[in-house]
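Novice: Dropping the structure in here first, questions after.
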Amino acid sequence: MMTDIVIETKGLTKTIGGRNVVDKLDLKIKRGEIYGFLGPNGAGKTTTIRMLLGLTKPSSGEVRLFGKSIGKERVALLRKVGSLVEYPSYYGHLNAIENLETIRLLLPGVKKSRIDEVLSIVRLTKDAKRMVKGYSLGMKQRLGIAAALLGEPELLILDEPTNGLDPSGIIEIRELIRSMPARYGLTVLLSSHLLSEVGQMATEVGIVTKGKLIFQDQLEVLKGRSKQQIHIGLDDRQRALSLLHANGFKAELSGGSLYVPQGDDKRIAAIVRMLVQQGLEVSRVEEQGDSLESVFLHMTGGEGEL
Amino acid sequence: MVPIIRSEWLKLRRSKVWLLLFFSPLLAGLIGATASMTPDVDPWVFLQATVFYTHALLFLPLLTGVFSAFVCRYEHIHGGWKQLLAMPVHRSGVYLVKLLAVMGLLAVVQLLTVVSLLAAGMIEGVETPFPWGAVLLHVAAGWAACLPLAALQLAVSTAWASFAAPLSVNVIFTLPNMLVANSNDYGPFYPWAQPVLAMLPDRLGAGTFLVPTDTLLAVVLGSFAVFLAGGLLYFTRRTI
Amino acid sequence: MGNILASEFLKLRRKMVWFLVVIGPTGVIALQALNYGLRFDFLMKQYASDPWGYLMINVSNLLVPALLMGMTIISSMIASLEHQTNAWKQTVALPVGRTRLYLGKFGVTALLLLGSTTLAMVGTILLGLLLGHELEALPWKSLLIAMYGSFLSALPYLAVQVWLSVAISNQAVPLTIGIAGLVVSIFVLNGPSSLDWLPWKWPFLVRAEPMYSMVAGLLTGAVFYLLGTIHFVRKDVG
């Protein structure tokens with residue numbers, strides 16, 4: 001029977017050295033989603049992924065893939081999963097084809113021709129016969145993605161997949177991932193510490209910080225939470241801040257820039273007029289660029305790397 | 001199991017471990033070929049004692065450790081373990097195939113040592129027929145005596161990513177062989193001394209063991225069971 | 001120089017190296033204690049003519065292989081500190097000459113093993129006293145030669161191991177070569193004197209031919225050390 005929930009964790013917890021690296025995580029990922037698994041470095045993303053794949057046993061709680069417990073049916077479940085954890089795995093003394101062959105042999109029912117297919121998907125065909133130890137970081141990353149795709153998985157788990165890729169490589173991989181659910185009908189879990197990264201691919205987002213899931217919903221909901229701000233560029237920001245506060249306007253200095261909350265035009269006009277009359281040189285009044293990032297930053301307690 | 005074996009073979013085939021297969025047989029053969037023969041001992045028994053002693057006192061146990069570290073090395077260095085164990089395979093299968101790889105490499109070394117003994121005999125001009133049965137029995141027994149060492153070294157090699165750490169363990173246990181193997185009281189009970197004890201012919205002639213066969217069997221199988229169970233238990237539970 | 005060594009020692013904190021430095025000599029002495037303990041009366045009778053002398057022979061027959069192995073493993077561990085985390089490029093980019101960096105790597109390895117040798121010497125004396133040998137009868141000169149002399153004669157071996165460990169990132173290579181060297185040395189140790197030119201023999205030869213073995217060891221060691229330095233200075237690091 002097909003279940004609609006591909007990944008489900010219940011109270012998933014991992015304690016390392018007395019600290020809950022992953023703390024009662026309840027993930028729920030539906031078939032066909034591209035799930036962005038977000039959080040600052042060290043939030044517990046990779047540990048969670050390791051537990052999803054059965055590489056590490058949870059201290060408590062449970063992982064269910066396709067409705068079945070990974071603790072009980074690990075081997076059968078892993079046949080349907082392709083993964084790339086943390087950094088690409090490879091055997092330096094083998095070439096790309098041989099590397100993929102070591103994996104293909106372990107995947108029942110995958111034909112040899114599939115190796116050429118995945119190599120062409122990640123555009124490594126030209127370098128397929130070179131020893132992998134001579135590959136650049138980006139090529140190794142692409143090989144890792146090829147390995148993950150090899151078994152035509154129903155679930156693809158990619159941990160920081162654009163690590164080490166150059167801008168054109170990032171765009172390429174992004175397009176590839178975005179097209180996957182439609183083309184191959186699979187579900188993707190994608191971890192990243194960059195919201196901007198995931199924001200362009202994900203349909204659903206989960207945010208973890210310090211091992212706890214603090215947000216899990218559609219990307220649109222996250223976008224809705226972003227409060228719009230107005231950035232005011234001027235010379236003496238400190239003085240401007242005290243003036244604004246003295247006159248009853250809300251304002252804050254963040255990262256050396258002055259922000260006031262989005263509001264109706266009249267209020268903004270009043271603020272600008274007041275600042276100009278006080279002799280400050282206002283050079284810019286603009287809506288803040290990517291406010292999604294600041295929502296993320298705010299949620300994760302300012303630890304996020306953006 | 002078979003798919004895992006084929007996958008392992010692919011990784012092993014292209015590695016440089018092959019260079020290590022020849023060293024010990026060559027050196028042991030050289031020592032045999034240049035040894036001065038004692039007239040009152042059967043020449044093949046004498047040569048077997050010389051060549052196999054050279055080979056099995058230190059080399060064979062040390063090689064067991066090197067091979068074990070080697071088959072784990074290519075998994076350790078670039079994240080092979082996490083990729084391998086996220087495949088639809090049983091961890092115990094992966095572990096047993098690694099053990100099989102080590103024992104396979106040792107089998108090749110053992111066969112080369114037979115060749116080496118044969119060559120040493122030809123160089124020394126031995127004319128009596130080569131005692132195939134006895135020699136192969138000792139070579140096989142020496143190989144089997146490496147089982148517990150391989151099991152222990154594999155456990156240590158999977159646990160530590162560094163190549164030096166398992167080898168340190170290996171050397172720490174193997175060096176005492178220089179003393180222990182010569183002790184009639186303690187040699188038979190020291191696992192690292194078993195390969196050399198199993199490979200040496202008794203003074204009485206080829207085909208008999210230096211140590212009572214039941215002791216040899218009990219020590220080898222007993223320590224193998226303990227080390228293998230420990231290693232498997234650890235490996236199937238460990239965090240990758 | 002002091003700073004470089006201090007920095008090297010700092011990197012060794014909480015490392016297994018320390019365990020090896022202590023376990024090596026301790027193991028050697030413990031094995032000999034066992035050897036003597038098990039056959040006490042027999043050995044005492046057999047060695048009655050020169051109890052200290054035989055004790056030294058027994059200890060150093062085990063100590064030298066342990067020392068050679070220690071040289072192999074510790075060189076590798078110290079070089080691995082940089083290889084494993086790709087730290088060479090960081091270390092080499094520091095405002096310190098590469099000659100001195102290499103000296104630091106060599107120096108820290110040599111000092112650790114010298115420490116082991118000293119432990120073994122102290123252990124030998126303690127074991128001798130425990131067995132009831134007279135302290136007054138202790139031949140200090142022979143003891144120093146058996147211990148530090150072995151170390152000096154093994155310097156070529158150390159210099160080669162440090163060189164290989166630093167130059168080759170795949171530590172399987174230096175470790176395997178080191179082990180092979182050890183076994184070679186064990187098999188030539190009783191070989192004819194026509195093989196005395198083999199560096200592998202010197203650490204064992206030192207008791208019989210102290211001057212020759214130590215001088216040859218120092219000189220050959222210096223040559224390999226220099227070759228290693230030159231190679232390290234010219235090598236591309238990435």
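Following the order of the structure tokens, first chain is A, next is B, and so on, with residues numbered from 1 inside each chain and ligands from 1 in the order they appear.
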So that I can check the surroundings of Ile170 in chain A, please list as a PyMOL selection string every protein, DNA and RNA residue that reaches within 12 Å of it, counting only C-alpha atoms and ignoring chain neighbours fewer than 4 positions away.

Specialist: chain A and resi 122+138-139+141-142+160-166+174-178+197-198+200-201

Novice: Determine, counting only C-alpha atoms, which protein, DNA and RNA residues have an atom within 8 Å of an atom of range 33-36 of chain A; residues of the same chain fewer than 4 positions away are not included. Present the result as a ChimeraX atom specification.

Specialist: /A:29,178,181,186-192,198-199,201-206

Novice: Output the selection as a CSV table (one decimal), in the first residue's frame - all heavy atoms for each residue.

Specialist:
```csv
chain,number,residue,atom,x,y,z
A,29,ILE,N,7.2,14.4,6.1
A,29,ILE,CA,7.4,14.8,4.8
A,29,ILE,C,6.6,14.0,3.8
A,29,ILE,O,6.6,12.7,3.9
A,29,ILE,CB,8.9,14.6,4.4
A,29,ILE,CG1,9.7,15.5,5.4
A,29,ILE,CG2,9.2,15.1,3.0
A,29,ILE,CD1,11.2,15.3,5.3
A,178,ARG,N,15.1,20.7,-8.7
A,178,ARG,CA,13.7,21.2,-8.8
A,178,ARG,C,12.9,20.4,-9.8
A,178,ARG,O,11.7,20.2,-9.7
A,178,ARG,CB,13.8,22.7,-9.3
A,178,ARG,CG,12.7,23.4,-8.7
A,178,ARG,CD,12.6,24.9,-8.9
A,178,ARG,NE,13.7,25.5,-9.6
A,178,ARG,CZ,14.0,26.8,-9.5
A,178,ARG,NH1,13.4,27.5,-8.6
A,178,ARG,NH2,15.0,27.3,-10.2
A,181,PRO,N,11.0,15.9,-8.7
A,181,PRO,CA,9.7,15.3,-8.4
A,181,PRO,C,8.8,15.2,-9.6
A,181,PRO,O,8.2,14.2,-9.8
A,181,PRO,CB,9.1,16.3,-7.4
A,181,PRO,CG,10.3,16.9,-6.8
A,181,PRO,CD,11.3,17.0,-7.9
A,186,LEU,N,9.9,11.6,-7.4
A,186,LEU,CA,10.5,11.3,-6.1
A,186,LEU,C,10.3,12.4,-5.1
A,186,LEU,O,9.9,13.5,-5.4
A,186,LEU,CB,11.9,10.8,-6.2
A,186,LEU,CG,13.1,11.8,-6.3
A,186,LEU,CD1,14.4,11.1,-6.2
A,186,LEU,CD2,13.0,12.6,-7.6
A,187,THR,N,10.6,12.0,-3.8
A,187,THR,CA,10.6,13.0,-2.7
A,187,THR,C,12.0,13.4,-2.4
A,187,THR,O,12.9,12.5,-2.4
A,187,THR,CB,9.9,12.3,-1.5
A,187,THR,OG1,8.7,11.7,-2.0
A,187,THR,CG2,9.7,13.3,-0.4
A,188,VAL,N,12.2,14.6,-2.1
A,188,VAL,CA,13.6,15.1,-1.8
A,188,VAL,C,13.7,15.7,-0.5
A,188,VAL,O,12.8,16.6,-0.1
A,188,VAL,CB,14.1,16.1,-2.9
A,188,VAL,CG1,15.5,16.5,-2.6
A,188,VAL,CG2,13.9,15.5,-4.3
A,189,LEU,N,14.6,15.3,0.3
A,189,LEU,CA,15.0,16.1,1.6
A,189,LEU,C,16.3,16.7,1.3
A,189,LEU,O,17.3,16.1,1.0
A,189,LEU,CB,15.0,15.2,2.8
A,189,LEU,CG,15.4,15.9,4.1
A,189,LEU,CD1,14.4,15.6,5.2
A,189,LEU,CD2,16.8,15.6,4.6
A,190,LEU,N,16.3,18.0,1.6
A,190,LEU,CA,17.5,18.8,1.2
A,190,LEU,C,17.9,19.6,2.4
A,190,LEU,O,17.1,20.4,2.9
A,190,LEU,CB,16.9,19.7,0.1
A,190,LEU,CG,17.9,20.5,-0.8
A,190,LEU,CD1,18.6,19.6,-1.6
A,190,LEU,CD2,17.0,21.4,-1.6
A,191,SER,N,19.1,19.4,2.9
A,191,SER,CA,19.5,20.2,4.1
A,191,SER,C,20.4,21.3,3.7
A,191,SER,O,21.1,21.2,2.7
A,191,SER,CB,20.2,19.3,5.1
A,191,SER,OG,21.6,19.3,4.9
A,192,SER,N,20.3,22.4,4.4
A,192,SER,CA,21.2,23.5,4.1
A,192,SER,C,21.2,24.5,5.3
A,192,SER,O,20.3,24.5,6.1
A,192,SER,CB,20.6,24.3,2.9
A,192,SER,OG,21.5,25.4,2.6
A,198,VAL,N,17.7,27.0,-0.2
A,198,VAL,CA,16.5,26.2,-0.1
A,198,VAL,C,15.3,26.9,-0.6
A,198,VAL,O,14.4,26.3,-1.3
A,198,VAL,CB,16.4,25.7,1.3
A,198,VAL,CG1,15.0,25.0,1.5
A,198,VAL,CG2,17.5,24.7,1.6
A,199,GLY,N,15.3,28.2,-0.4
A,199,GLY,CA,14.1,29.0,-0.7
A,199,GLY,C,13.7,28.9,-2.2
A,199,GLY,O,12.6,29.1,-2.6
A,201,MET,N,14.2,26.2,-4.1
A,201,MET,CA,13.8,24.8,-4.5
A,201,MET,C,12.7,24.2,-3.7
A,201,MET,O,11.9,23.5,-4.3
A,201,MET,CB,15.0,23.9,-4.4
A,201,MET,CG,16.2,24.3,-5.3
A,201,MET,SD,17.5,23.1,-5.1
A,201,MET,CE,18.5,23.9,-3.9
A,202,ALA,N,12.6,24.5,-2.4
A,202,ALA,CA,11.8,23.8,-1.5
A,202,ALA,C,10.3,24.2,-1.7
A,202,ALA,O,10.0,25.3,-2.1
A,202,ALA,CB,12.2,24.0,-0.1
A,203,THR,N,9.4,23.2,-1.4
A,203,THR,CA,8.0,23.5,-1.4
A,203,THR,C,7.6,23.5,0.1
A,203,THR,O,6.7,24.2,0.5
A,203,THR,CB,7.2,22.3,-2.0
A,203,THR,OG1,7.7,21.1,-1.5
A,203,THR,CG2,7.4,22.4,-3.5
A,204,GLU,N,8.3,22.8,0.9
A,204,GLU,CA,8.0,22.6,2.3
A,204,GLU,C,9.3,22.9,3.1
A,204,GLU,O,10.4,22.6,2.6
A,204,GLU,CB,7.6,21.2,2.6
A,204,GLU,CG,7.0,20.9,3.9
A,204,GLU,CD,5.5,21.0,4.0
A,204,GLU,OE1,4.9,21.2,3.0
A,204,GLU,OE2,5.0,20.8,5.1
A,205,VAL,N,9.2,23.5,4.3
A,205,VAL,CA,10.4,23.9,5.0
A,205,VAL,C,10.3,23.5,6.4
A,205,VAL,O,9.3,23.6,7.1
A,205,VAL,CB,10.7,25.4,4.9
A,205,VAL,CG1,11.8,25.8,5.8
A,205,VAL,CG2,11.0,25.9,3.5
A,206,GLY,N,11.4,22.9,7.0
A,206,GLY,CA,11.6,22.6,8.4
A,206,GLY,C,12.8,23.3,8.9
A,206,GLY,O,13.8,23.3,8.3
```

Novice: Show me, as a list in words, the residues that have an atom within 9 Å of range 34-45 of chain B when counting only C-alpha atoms, minus same-chain residues fewer than 6 positions from it.

Specialist: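 The contact residues come out as Leu117, Ala120, Gly121, Ile123, Glu124, Val126, Glu127, Thr128, Pro129, Phe130, Pro131, Leu200, Pro201, Asp202, Arg203, Gly205 and Ala206 of chain B.
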
Novice: Up to 7 Å from chain B, what residues of chain C turn up? Count only C-alpha atoms and give them as JSON, numbers by chain.

Specialist: {"C": [73, 76, 77, 171, 172]}

Novice: Store the residues picked out above, limited to C-alpha atoms, as a PDB file, in the first residue's frame.

Specialist:
```pdb
ATOM      1  CA  ILE C  73      54.514   4.417  14.228  1.00  0.00           C
ATOM      2  CA  SER C  76      53.618   8.369  11.089  1.00  0.00           C
ATOM      3  CA  MET C  77      51.346   9.656  13.834  1.00  0.00           C
ATOM      4  CA  GLN C 171      50.486   6.484   5.716  1.00  0.00           C
ATOM      5  CA  ALA C 172      50.119   2.867   4.659  1.00  0.00           C
TER       6      ALA C 172
END
```

Novice: Using only C-alpha atoms, I'd like a table of the residues in chain A that come within 6 Å of chain B; for each, show the closest atom pair and its distance in Å rounded to one decimal, ordered by chain and ascending number, as a tab-separated table.

Specialist:
```
residue	atom	partner	partner_atom	distance
A:Leu53	CA	B:Ala86	CA	6.0
A:Leu55	CA	B:Ile240	CA	5.4
A:Thr56	CA	B:Thr239	CA	4.6
A:Val75	CA	B:Pro88	CA	4.3
A:Leu78	CA	B:Pro88	CA	4.9
A:Arg79	CA	B:Pro88	CA	5.1
A:Ser89	CA	B:Gly79	CA	4.6
A:Tyr90	CA	B:His78	CA	5.7
A:Thr102	CA	B:Ser7	CA	4.5
A:Leu105	CA	B:Pro3	CA	5.4
A:Leu106	CA	B:Pro3	CA	5.6
```

Novice: Taking N, CA and C atoms for each residue, export the selection above as a PDB file, in the first residue's frame.

Specialist:
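That gives us selection-v8.pdb:
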```
ATOM      1  N   LEU A  53      18.924   7.464   7.875  1.00  0.00           N
ATOM      2  CA  LEU A  53      19.519   6.427   7.035  1.00  0.00           C
ATOM      3  C   LEU A  53      19.947   5.204   7.831  1.00  0.00           C
ATOM      4  N   LEU A  55      22.339   5.082   9.907  1.00  0.00           N
ATOM      5  CA  LEU A  55      23.784   5.076  10.158  1.00  0.00           C
ATOM      6  C   LEU A  55      24.056   5.223  11.655  1.00  0.00           C
ATOM      7  N   THR A  56      23.130   5.863  12.337  1.00  0.00           N
ATOM      8  CA  THR A  56      23.243   6.088  13.770  1.00  0.00           C
ATOM      9  C   THR A  56      21.903   5.702  14.383  1.00  0.00           C
ATOM     10  N   VAL A  75      17.303  -2.619   5.607  1.00  0.00           N
ATOM     11  CA  VAL A  75      17.825  -2.994   4.301  1.00  0.00           C
ATOM     12  C   VAL A  75      16.774  -2.819   3.209  1.00  0.00           C
ATOM     13  N   LEU A  78      16.208   0.946   2.604  1.00  0.00           N
ATOM     14  CA  LEU A  78      17.316   1.689   1.992  1.00  0.00           C
ATOM     15  C   LEU A  78      17.397   1.455   0.482  1.00  0.00           C
ATOM     16  N   ARG A  79      16.816   0.366   0.010  1.00  0.00           N
ATOM     17  CA  ARG A  79      16.807   0.136  -1.433  1.00  0.00           C
ATOM     18  C   ARG A  79      16.088   1.271  -2.165  1.00  0.00           C
ATOM     19  N   SER A  89      31.207  10.823  -0.647  1.00  0.00           N
ATOM     20  CA  SER A  89      32.049   9.662  -0.375  1.00  0.00           C
ATOM     21  C   SER A  89      32.591   9.133  -1.694  1.00  0.00           C
ATOM     22  N   TYR A  90      33.829   8.734  -1.716  1.00  0.00           N
ATOM     23  CA  TYR A  90      34.364   8.164  -2.956  1.00  0.00           C
ATOM     24  C   TYR A  90      35.610   7.347  -2.655  1.00  0.00           C
ATOM     25  N   THR A 102      30.832   0.029  -7.731  1.00  0.00           N
ATOM     26  CA  THR A 102      30.878  -0.553  -6.383  1.00  0.00           C
ATOM     27  C   THR A 102      29.522  -0.388  -5.693  1.00  0.00           C
ATOM     28  N   LEU A 105      26.539  -2.639  -7.666  1.00  0.00           N
ATOM     29  CA  LEU A 105      26.554  -4.055  -7.306  1.00  0.00           C
ATOM     30  C   LEU A 105      25.736  -4.324  -6.047  1.00  0.00           C
ATOM     31  N   LEU A 106      25.597  -3.305  -5.216  1.00  0.00           N
ATOM     32  CA  LEU A 106      24.870  -3.490  -3.964  1.00  0.00           C
ATOM     33  C   LEU A 106      23.391  -3.140  -4.098  1.00  0.00           C
TER      34      LEU A 106
END
```

Novice: Quick one, how far is CA of Glu98 in chain A from CA of Lys111 in chain A?

Specialist: 14.1 Å

Novice: Please measure the separation of CA of Val85 in chain A and CA of Phe296 in chain A, giving the value in Å to one decimal.

Specialist: 23.2 Å

Novice: Taking the backbone alone, and naming residues the way the document does, which bits of range 12-223 of chain A are helix (DSSP H, G or I) by DSSP, as a ChimeraX atom specification?

Specialist: /A:45-52,70-78,96-104,113-121,125-127,132-134,137-149,167-184,195-199,219-223

Novice: Report as a list in words all protein, DNA and RNA residues lying within 8 Å of range 121-138 of chain C, evaluated on only C-alpha atoms, omitting residues in the same chain fewer than 5 positions from it.

Specialist: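 Counting only the stated atoms, we get Pro25, Thr26, Ile29, Ala33, Pro51, Trp52, Leu55, Met56, Val59, Leu143, Leu144 and Met147 of chain C.
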
Novice: Would you save the residues from that selection as a PDB file, in the first residue's frame, using N, CA and C atoms?

Specialist:
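Final output, saved to out.pdb:
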```pdb
ATOM      1  N   PRO C  25      58.359   0.659  26.292  1.00  0.00           N
ATOM      2  CA  PRO C  25      59.347   0.206  27.280  1.00  0.00           C
ATOM      3  C   PRO C  25      58.720  -0.605  28.407  1.00  0.00           C
ATOM      4  N   THR C  26      57.529  -0.224  28.832  1.00  0.00           N
ATOM      5  CA  THR C  26      56.888  -0.980  29.916  1.00  0.00           C
ATOM      6  C   THR C  26      56.651  -2.424  29.488  1.00  0.00           C
ATOM      7  N   ILE C  29      59.965  -4.413  29.409  1.00  0.00           N
ATOM      8  CA  ILE C  29      60.428  -4.783  30.755  1.00  0.00           C
ATOM      9  C   ILE C  29      59.490  -5.831  31.357  1.00  0.00           C
ATOM     10  N   ALA C  33      60.449  -9.420  32.689  1.00  0.00           N
ATOM     11  CA  ALA C  33      60.150  -9.789  34.073  1.00  0.00           C
ATOM     12  C   ALA C  33      59.442 -11.132  34.090  1.00  0.00           C
ATOM     13  N   PRO C  51      75.257 -11.472  35.502  1.00  0.00           N
ATOM     14  CA  PRO C  51      73.796 -11.276  35.533  1.00  0.00           C
ATOM     15  C   PRO C  51      73.334  -9.999  34.853  1.00  0.00           C
ATOM     16  N   TRP C  52      74.008  -8.881  35.091  1.00  0.00           N
ATOM     17  CA  TRP C  52      73.599  -7.617  34.458  1.00  0.00           C
ATOM     18  C   TRP C  52      73.756  -7.699  32.950  1.00  0.00           C
ATOM     19  N   LEU C  55      71.024  -9.653  31.400  1.00  0.00           N
ATOM     20  CA  LEU C  55      69.759  -8.909  31.491  1.00  0.00           C
ATOM     21  C   LEU C  55      69.676  -7.861  30.382  1.00  0.00           C
ATOM     22  N   MET C  56      70.825  -7.161  30.209  1.00  0.00           N
ATOM     23  CA  MET C  56      70.847  -6.125  29.166  1.00  0.00           C
ATOM     24  C   MET C  56      70.624  -6.716  27.784  1.00  0.00           C
ATOM     25  N   VAL C  59      66.955  -7.609  27.528  1.00  0.00           N
ATOM     26  CA  VAL C  59      66.106  -6.427  27.369  1.00  0.00           C
ATOM     27  C   VAL C  59      66.313  -5.825  25.991  1.00  0.00           C
ATOM     28  N   LEU C 143      75.460  -0.420  29.841  1.00  0.00           N
ATOM     29  CA  LEU C 143      74.027  -0.139  29.899  1.00  0.00           C
ATOM     30  C   LEU C 143      73.682   1.044  28.988  1.00  0.00           C
ATOM     31  N   LEU C 144      74.494   2.118  29.123  1.00  0.00           N
ATOM     32  CA  LEU C 144      74.237   3.302  28.295  1.00  0.00           C
ATOM     33  C   LEU C 144      74.354   2.955  26.814  1.00  0.00           C
ATOM     34  N   MET C 147      71.374   0.977  25.598  1.00  0.00           N
ATOM     35  CA  MET C 147      70.142   1.769  25.481  1.00  0.00           C
ATOM     36  C   MET C 147      70.302   2.916  24.472  1.00  0.00           C
TER      37      MET C 147
END
```

Novice: Record the distance separating CA of Ser116 in chain C and CA of Arg207 in chain C, expressed in Å with one decimal.

Specialist: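 Distance reported for this atom pair: 18.8 Å.
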
Novice: What's the 8 Å shell around range 108-111 of chain C, counting only C-alpha atoms, without same-chain residues fewer than 4 positions away, as a PyMOL selection string?

Specialist: chain C and resi 5+8-9+71+74-75+78+104+115+158

Novice: Could you save those same residues with all heavy atoms as a PDB file, in the first residue's frame?

Specialist:
```
ATOM      1  N   LEU C   5      59.123  23.301  18.714  1.00  0.00           N
ATOM      2  CA  LEU C   5      58.929  22.071  19.488  1.00  0.00           C
ATOM      3  C   LEU C   5      57.717  22.196  20.398  1.00  0.00           C
ATOM      4  O   LEU C   5      56.920  21.272  20.503  1.00  0.00           O
ATOM      5  CB  LEU C   5      60.186  21.760  20.306  1.00  0.00           C
ATOM      6  CG  LEU C   5      61.294  21.056  19.531  1.00  0.00           C
ATOM      7  CD1 LEU C   5      62.503  20.847  20.421  1.00  0.00           C
ATOM      8  CD2 LEU C   5      60.813  19.727  18.980  1.00  0.00           C
ATOM      9  N   GLU C   8      54.714  21.702  18.412  1.00  0.00           N
ATOM     10  CA  GLU C   8      54.536  20.287  18.063  1.00  0.00           C
ATOM     11  C   GLU C   8      53.996  19.495  19.254  1.00  0.00           C
ATOM     12  O   GLU C   8      53.114  18.656  19.114  1.00  0.00           O
ATOM     13  CB  GLU C   8      55.866  19.665  17.599  1.00  0.00           C
ATOM     14  CG  GLU C   8      56.310  20.108  16.206  1.00  0.00           C
ATOM     15  CD  GLU C   8      55.327  19.663  15.122  1.00  0.00           C
ATOM     16  OE1 GLU C   8      54.675  18.631  15.291  1.00  0.00           O
ATOM     17  OE2 GLU C   8      55.208  20.389  14.116  1.00  0.00           O
ATOM     18  N   PHE C   9      54.543  19.769  20.426  1.00  0.00           N
ATOM     19  CA  PHE C   9      54.087  19.038  21.606  1.00  0.00           C
ATOM     20  C   PHE C   9      52.635  19.376  21.935  1.00  0.00           C
ATOM     21  O   PHE C   9      51.875  18.529  22.392  1.00  0.00           O
ATOM     22  CB  PHE C   9      54.993  19.307  22.808  1.00  0.00           C
ATOM     23  CG  PHE C   9      56.185  18.383  22.864  1.00  0.00           C
ATOM     24  CD1 PHE C   9      57.468  18.852  22.651  1.00  0.00           C
ATOM     25  CD2 PHE C   9      56.016  17.025  23.109  1.00  0.00           C
ATOM     26  CE1 PHE C   9      58.556  17.991  22.674  1.00  0.00           C
ATOM     27  CE2 PHE C   9      57.090  16.159  23.146  1.00  0.00           C
ATOM     28  CZ  PHE C   9      58.366  16.644  22.923  1.00  0.00           C
ATOM     29  N   MET C  71      59.614   4.040  16.221  1.00  0.00           N
ATOM     30  CA  MET C  71      60.044   5.067  15.273  1.00  0.00           C
ATOM     31  C   MET C  71      59.087   5.115  14.085  1.00  0.00           C
ATOM     32  O   MET C  71      58.700   6.189  13.625  1.00  0.00           O
ATOM     33  CB  MET C  71      61.467   4.765  14.795  1.00  0.00           C
ATOM     34  CG  MET C  71      62.511   5.014  15.865  1.00  0.00           C
ATOM     35  SD  MET C  71      64.157   4.549  15.328  1.00  0.00           S
ATOM     36  CE  MET C  71      65.135   5.359  16.610  1.00  0.00           C
ATOM     37  N   ILE C  74      55.386   6.279  15.511  1.00  0.00           N
ATOM     38  CA  ILE C  74      55.309   7.657  16.024  1.00  0.00           C
ATOM     39  C   ILE C  74      55.601   8.678  14.915  1.00  0.00           C
ATOM     40  O   ILE C  74      54.914   9.699  14.825  1.00  0.00           O
ATOM     41  CB  ILE C  74      56.212   7.808  17.263  1.00  0.00           C
ATOM     42  CG1 ILE C  74      55.577   7.001  18.409  1.00  0.00           C
ATOM     43  CG2 ILE C  74      56.363   9.270  17.678  1.00  0.00           C
ATOM     44  CD1 ILE C  74      56.361   6.956  19.678  1.00  0.00           C
ATOM     45  N   SER C  75      56.558   8.390  14.041  1.00  0.00           N
ATOM     46  CA  SER C  75      56.770   9.310  12.902  1.00  0.00           C
ATOM     47  C   SER C  75      55.486   9.460  12.122  1.00  0.00           C
ATOM     48  O   SER C  75      55.104  10.566  11.726  1.00  0.00           O
ATOM     49  CB  SER C  75      57.817   8.782  11.917  1.00  0.00           C
ATOM     50  OG  SER C  75      58.958   8.351  12.554  1.00  0.00           O
ATOM     51  N   ILE C  78      52.863  11.528  13.963  1.00  0.00           N
ATOM     52  CA  ILE C  78      53.171  12.952  14.026  1.00  0.00           C
ATOM     53  C   ILE C  78      52.963  13.616  12.667  1.00  0.00           C
ATOM     54  O   ILE C  78      52.459  14.738  12.583  1.00  0.00           O
ATOM     55  CB  ILE C  78      54.585  13.145  14.594  1.00  0.00           C
ATOM     56  CG1 ILE C  78      54.488  12.913  16.100  1.00  0.00           C
ATOM     57  CG2 ILE C  78      55.138  14.521  14.272  1.00  0.00           C
ATOM     58  CD1 ILE C  78      55.786  12.837  16.799  1.00  0.00           C
ATOM     59  N   GLY C 104      61.508  20.420  13.479  1.00  0.00           N
ATOM     60  CA  GLY C 104      60.526  20.284  14.552  1.00  0.00           C
ATOM     61  C   GLY C 104      59.876  18.911  14.544  1.00  0.00           C
ATOM     62  O   GLY C 104      59.770  18.246  15.573  1.00  0.00           O
ATOM     63  N   GLY C 115      62.735   9.536  25.199  1.00  0.00           N
ATOM     64  CA  GLY C 115      62.005   9.355  26.456  1.00  0.00           C
ATOM     65  C   GLY C 115      61.726   7.875  26.707  1.00  0.00           C
ATOM     66  O   GLY C 115      61.961   7.359  27.800  1.00  0.00           O
ATOM     67  N   LEU C 158      65.152   6.081  11.760  1.00  0.00           N
ATOM     68  CA  LEU C 158      64.244   7.162  12.157  1.00  0.00           C
ATOM     69  C   LEU C 158      64.162   8.233  11.069  1.00  0.00           C
ATOM     70  O   LEU C 158      63.080   8.702  10.705  1.00  0.00           O
ATOM     71  CB  LEU C 158      64.703   7.786  13.476  1.00  0.00           C
ATOM     72  CG  LEU C 158      63.868   8.955  13.988  1.00  0.00           C
ATOM     73  CD1 LEU C 158      62.454   8.510  14.305  1.00  0.00           C
ATOM     74  CD2 LEU C 158      64.491   9.585  15.223  1.00  0.00           C
TER      75      LEU C 158
END
```

Novice: Looking at only C-alpha atoms, which of C:Pro156, C:Glu82, C:Leu219, C:Asn170 is the one that sits closest to chain A?

Specialist: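 Using only C-alpha atoms, chain A sits closest to C:Asn170.
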
Novice: Env of Pro195 in chain B: 6 Å cut, atoms = only C-alpha atoms, seq-sep filter 5 positions within chain, self excluded. Answer as a PyMOL selection string.

Specialist: chain B and resi 56+142+145
